[in-house]
Each structure stands twice: as structure tokens, then as C-alpha cells.
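Text of query.csv, listed as CSV, N, CA and C atoms:
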chain,number,residue,atom,x,y,z
N,1,MET,N,17.7,-14.3,-4.3
N,1,MET,CA,18.9,-14.1,-3.5
N,1,MET,C,18.6,-13.1,-2.3
N,2,GLY,N,17.5,-12.6,-2.2
N,2,GLY,CA,17.1,-11.6,-1.2
N,2,GLY,C,17.5,-12.0,0.2
N,3,ILE,N,16.9,-13.0,0.8
N,3,ILE,CA,17.2,-13.3,2.2
N,3,ILE,C,18.6,-13.8,2.4
N,4,LEU,N,19.2,-14.5,1.5
N,4,LEU,CA,20.6,-14.9,1.6
N,4,LEU,C,21.5,-13.7,1.6
N,5,PHE,N,21.3,-12.8,0.8
N,5,PHE,CA,22.1,-11.6,0.7
N,5,PHE,C,22.0,-10.8,2.1
N,6,ASP,N,20.7,-10.7,2.5
N,6,ASP,CA,20.5,-10.0,3.8
N,6,ASP,C,21.2,-10.6,4.9
N,7,MET,N,21.1,-11.9,5.0
N,7,MET,CA,21.8,-12.7,6.1
N,7,MET,C,23.3,-12.6,6.0
N,8,ALA,N,23.8,-12.6,4.8
N,8,ALA,CA,25.3,-12.4,4.6
N,8,ALA,C,25.7,-11.0,5.1
N,9,ALA,N,24.9,-10.0,4.8
N,9,ALA,CA,25.2,-8.7,5.2
N,9,ALA,C,25.1,-8.6,6.7
N,10,PHE,N,24.1,-9.3,7.3
N,10,PHE,CA,24.0,-9.3,8.8
N,10,PHE,C,25.2,-10.0,9.4
N,11,TYR,N,25.6,-11.1,8.9
N,11,TYR,CA,26.8,-11.8,9.5
N,11,TYR,C,28.1,-10.9,9.3
N,12,ARG,N,28.2,-10.2,8.2
N,12,ARG,CA,29.3,-9.4,8.0
N,12,ARG,C,29.3,-8.2,9.0
N,13,TRP,N,28.1,-7.6,9.2
N,13,TRP,CA,28.0,-6.6,10.2
N,13,TRP,C,28.3,-7.1,11.6
N,14,LEU,N,27.8,-8.3,11.9
N,14,LEU,CA,28.0,-8.9,13.2
N,14,LEU,C,29.5,-9.1,13.5
N,15,GLU,N,30.3,-9.4,12.5
N,15,GLU,CA,31.8,-9.5,12.7
N,15,GLU,C,32.5,-8.2,12.9
N,16,GLN,N,32.0,-7.2,12.2
N,16,GLN,CA,32.7,-5.9,12.1
N,16,GLN,C,32.2,-4.9,13.1
N,17,ALA,N,31.0,-5.0,13.7
N,17,ALA,CA,30.5,-4.0,14.6
N,17,ALA,C,31.2,-4.0,15.9
N,18,SER,N,31.3,-2.9,16.5
N,18,SER,CA,31.9,-2.8,17.8
N,18,SER,C,31.0,-3.4,18.9
N,19,ASP,N,31.5,-3.6,20.1
N,19,ASP,CA,30.7,-4.1,21.1
N,19,ASP,C,29.5,-3.1,21.4
N,20,ARG,N,29.8,-1.9,21.4
N,20,ARG,CA,28.8,-0.8,21.7
N,20,ARG,C,27.7,-0.9,20.6
N,21,GLU,N,28.1,-1.1,19.4
N,21,GLU,CA,27.1,-1.2,18.3
N,21,GLU,C,26.2,-2.4,18.5
N,22,LEU,N,26.8,-3.5,18.8
N,22,LEU,CA,26.1,-4.8,19.1
N,22,LEU,C,25.1,-4.6,20.2
N,23,LEU,N,25.5,-4.0,21.3
N,23,LEU,CA,24.6,-3.8,22.4
N,23,LEU,C,23.5,-2.8,22.1
N,24,ALA,N,23.8,-1.8,21.3
N,24,ALA,CA,22.8,-0.8,21.0
N,24,ALA,C,21.7,-1.4,20.1
N,25,ARG,N,22.1,-2.2,19.1
N,25,ARG,CA,21.2,-2.8,18.2
N,25,ARG,C,20.4,-3.9,18.9
N,26,ARG,N,21.0,-4.6,19.8
N,26,ARG,CA,20.3,-5.7,20.6
N,26,ARG,C,19.2,-5.0,21.4
N,27,ASP,N,19.6,-3.9,22.1
N,27,ASP,CA,18.6,-3.2,22.9
N,27,ASP,C,17.5,-2.7,22.1
N,28,GLU,N,17.7,-2.1,20.9
N,28,GLU,CA,16.7,-1.6,20.0
N,28,GLU,C,15.7,-2.8,19.7
N,29,ALA,N,16.3,-3.9,19.3
N,29,ALA,CA,15.5,-5.1,18.9
N,29,ALA,C,14.7,-5.6,20.1
N,30,LEU,N,15.2,-5.6,21.3
N,30,LEU,CA,14.5,-6.0,22.4
N,30,LEU,C,13.3,-5.1,22.7
N,31,ASN,N,13.5,-3.8,22.5
N,31,ASN,CA,12.5,-2.8,22.7
N,31,ASN,C,11.3,-2.9,21.8
N,32,ILE,N,11.6,-3.2,20.5
N,32,ILE,CA,10.5,-3.3,19.5
N,32,ILE,C,9.9,-4.7,19.5
N,33,LYS,N,10.5,-5.7,20.1
N,33,LYS,CA,10.0,-7.1,20.0
N,33,LYS,C,8.6,-7.2,20.6
N,34,ASP,N,8.4,-6.5,21.7
N,34,ASP,CA,7.1,-6.6,22.4
N,34,ASP,C,5.9,-5.9,21.6
N,35,HIS,N,6.3,-5.1,20.6
N,35,HIS,CA,5.3,-4.3,19.8
N,35,HIS,C,5.0,-5.0,18.5
N,36,ILE,N,5.6,-6.2,18.3
N,36,ILE,CA,5.4,-6.9,17.0
N,36,ILE,C,4.3,-7.9,17.3
N,37,SER,N,3.3,-8.0,16.4
N,37,SER,CA,2.2,-8.9,16.6
N,37,SER,C,2.4,-10.2,15.7
N,38,ASP,N,3.1,-10.1,14.6
N,38,ASP,CA,3.3,-11.2,13.8
N,38,ASP,C,4.3,-12.2,14.4
N,39,SER,N,3.9,-13.4,14.7
N,39,SER,CA,4.7,-14.4,15.4
N,39,SER,C,5.9,-14.8,14.6
N,40,ASP,N,5.8,-15.0,13.3
N,40,ASP,CA,7.0,-15.3,12.5
N,40,ASP,C,8.0,-14.3,12.5
N,41,LEU,N,7.6,-13.0,12.4
N,41,LEU,CA,8.6,-11.9,12.5
N,41,LEU,C,9.2,-11.8,13.8
N,42,LYS,N,8.4,-12.0,14.9
N,42,LYS,CA,8.9,-12.0,16.2
N,42,LYS,C,10.0,-13.1,16.5
N,43,GLN,N,9.7,-14.3,15.9
N,43,GLN,CA,10.6,-15.4,16.0
N,43,GLN,C,11.9,-15.1,15.3
N,44,ASP,N,11.8,-14.5,14.1
N,44,ASP,CA,13.0,-14.1,13.3
N,44,ASP,C,13.8,-13.0,14.1
N,45,LEU,N,13.2,-12.1,14.7
N,45,LEU,CA,13.9,-11.0,15.5
N,45,LEU,C,14.6,-11.7,16.7
N,46,CYS,N,13.9,-12.6,17.4
N,46,CYS,CA,14.5,-13.3,18.5
N,46,CYS,C,15.8,-14.0,18.1
N,47,HIS,N,15.7,-14.6,16.9
N,47,HIS,CA,16.9,-15.3,16.4
N,47,HIS,C,18.1,-14.3,16.1
N,48,LEU,N,17.8,-13.2,15.6
N,48,LEU,CA,18.8,-12.2,15.4
N,48,LEU,C,19.4,-11.7,16.7
N,49,ILE,N,18.5,-11.5,17.7
N,49,ILE,CA,19.0,-11.1,19.0
N,49,ILE,C,19.9,-12.1,19.6
N,50,ARG,N,19.5,-13.4,19.4
N,50,ARG,CA,20.3,-14.5,20.0
N,50,ARG,C,21.7,-14.5,19.3
N,51,LEU,N,21.7,-14.3,18.0
N,51,LEU,CA,23.0,-14.3,17.3
N,51,LEU,C,23.9,-13.2,17.7
N,52,THR,N,23.3,-12.0,18.0
N,52,THR,CA,24.0,-10.9,18.5
N,52,THR,C,24.6,-11.1,19.9
N,53,GLU,N,23.8,-11.7,20.7
N,53,GLU,CA,24.2,-12.0,22.1
N,53,GLU,C,25.3,-13.1,22.1
N,54,GLU,N,25.2,-14.1,21.2
N,54,GLU,CA,26.2,-15.1,21.0
N,54,GLU,C,27.6,-14.5,20.6
N,55,GLU,N,27.5,-13.5,19.7
N,55,GLU,CA,28.7,-12.8,19.3
N,55,GLU,C,29.4,-12.1,20.5
N,56,LEU,N,28.5,-11.4,21.3
N,56,LEU,CA,29.1,-10.7,22.4
N,56,LEU,C,29.8,-11.6,23.4
N,57,VAL,N,29.1,-12.8,23.7
N,57,VAL,CA,29.7,-13.8,24.6
N,57,VAL,C,31.0,-14.3,24.0
N,58,ALA,N,31.0,-14.7,22.7
N,58,ALA,CA,32.2,-15.2,22.1
N,58,ALA,C,33.3,-14.3,22.2
N,59,ARG,N,33.1,-13.0,22.0
N,59,ARG,CA,34.1,-12.0,22.1
N,59,ARG,C,34.7,-11.9,23.5
N,60,LYS,N,33.9,-12.1,24.5
N,60,LYS,CA,34.5,-12.1,25.9
N,60,LYS,C,35.4,-13.3,26.1
N,61,PHE,N,35.1,-14.4,25.5
N,61,PHE,CA,35.9,-15.6,25.7
N,61,PHE,C,37.2,-15.6,24.9
N,62,ARG,N,37.1,-14.8,23.8
N,62,ARG,CA,38.3,-14.7,22.9
N,62,ARG,C,39.3,-13.7,23.4
N,63,ALA,N,38.8,-12.8,24.2
N,63,ALA,CA,39.7,-11.7,24.7
N,63,ALA,C,40.7,-12.2,25.8

Since I need it in another form, could you write the structure as C-alpha cells?
Amino acid sequence: MGILFDMAAFYRWLEQASDRELLARRDEALNIKDHISDSDLKQDLCHLIRLTEEELVARKFRA
């Protein structure tokens, strides 16, 4: 249940976080992305960054 639980927690955070929190976490992820050597981990991180950015864009269109 590990990864499914973690993703469920991520999606819950994505819905509940403020725009400021989303931007801060996205910026942190972008900063560490270049320091990651494992390609699979880097790909996973890019996916989470994309989901965060999609949430930010969706919020702008809902407002």
C-alpha cells in the first residue's frame, strides 16, 4: 500500500495547499532536480512538479 498511500496523501495535499505552498514546493523540487542523478527518481519528481503546476493553472481558470 506504500506508494498508493503516498500518492493519495500527495493528491490530498495538492487540493488543500495554498497557492503560496504550491509555488514554494514546486520551486524546491525544481532546485533539487538538477542534483539528482537517478533518472527514474528525476522522472518521478518531474511528474510531481507537473501535477503541482497543473493545479496552479486549474485554480487560475476556476477563479

Do you have the atom CA of Asp19 of chain N-atom CA of Glu55 of chain N distance handy?
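For atom CA of Asp19 of chain N relative to atom CA of Glu55 of chain N, the distance reads 9.1 Å.
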
From (25.7, -12.6, 12.8), in the file's coordinates, out to 8 Å: which residues are reached, counting all atoms listed in the file? Answer as a list in words.
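Residues close enough to count: Met7, Ala8, Ala9, Phe10, Tyr11, Arg12, Trp13, Leu14, Glu15, Leu48, Arg50, Leu51, Thr52 and Glu55 of chain N.
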
Expected file: the selected residues, N, CA and C atoms, as a compact mmCIF listing (two decimals), keeping the file's coordinate frame:
# COMPACT_ATOMS: atom_id res chain seq x y z
N MET N 7 21.10 -11.90 5.00
CA MET N 7 21.80 -12.70 6.10
C MET N 7 23.30 -12.60 6.00
N ALA N 8 23.80 -12.60 4.80
CA ALA N 8 25.30 -12.40 4.60
C ALA N 8 25.70 -11.00 5.10
N ALA N 9 24.90 -10.00 4.80
CA ALA N 9 25.20 -8.70 5.20
C ALA N 9 25.10 -8.60 6.70
N PHE N 10 24.10 -9.30 7.30
CA PHE N 10 24.00 -9.30 8.80
C PHE N 10 25.20 -10.00 9.40
N TYR N 11 25.60 -11.10 8.90
CA TYR N 11 26.80 -11.80 9.50
C TYR N 11 28.10 -10.90 9.30
N ARG N 12 28.20 -10.20 8.20
CA ARG N 12 29.30 -9.40 8.00
C ARG N 12 29.30 -8.20 9.00
N TRP N 13 28.10 -7.60 9.20
CA TRP N 13 28.00 -6.60 10.20
C TRP N 13 28.30 -7.10 11.60
N LEU N 14 27.80 -8.30 11.90
CA LEU N 14 28.00 -8.90 13.20
C LEU N 14 29.50 -9.10 13.50
N GLU N 15 30.30 -9.40 12.50
CA GLU N 15 31.80 -9.50 12.70
C GLU N 15 32.50 -8.20 12.90
N LEU N 48 17.80 -13.20 15.60
CA LEU N 48 18.80 -12.20 15.40
C LEU N 48 19.40 -11.70 16.70
N ARG N 50 19.50 -13.40 19.40
CA ARG N 50 20.30 -14.50 20.00
C ARG N 50 21.70 -14.50 19.30
N LEU N 51 21.70 -14.30 18.00
CA LEU N 51 23.00 -14.30 17.30
C LEU N 51 23.90 -13.20 17.70
N THR N 52 23.30 -12.00 18.00
CA THR N 52 24.00 -10.90 18.50
C THR N 52 24.60 -11.10 19.90
N GLU N 55 27.50 -13.50 19.70
CA GLU N 55 28.70 -12.80 19.30
C GLU N 55 29.40 -12.10 20.50

Could you tell me how far atom CA of Ile32 of chain N lies from atom CA of Leu45 of chain N, in Å and to one decimal?
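Separation of atom CA of Ile32 of chain N and atom CA of Leu45 of chain N: 9.3 Å.
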
One decimal place gives the atom CA of Asp44 of chain N-atom CA of Lys60 of chain N separation as 25.0 Å

Can you tell me, as a list in words, what residues are no more than 8 Å from Ala29 of chain N when counting all atoms listed in the file, ignoring any on the same chain fewer than 3 positions away?
Leu23, Ala24, Arg25, Arg26, Ile32, Lys33, Asp34, Leu45, Cys46, Leu48 and Ile49 of chain N
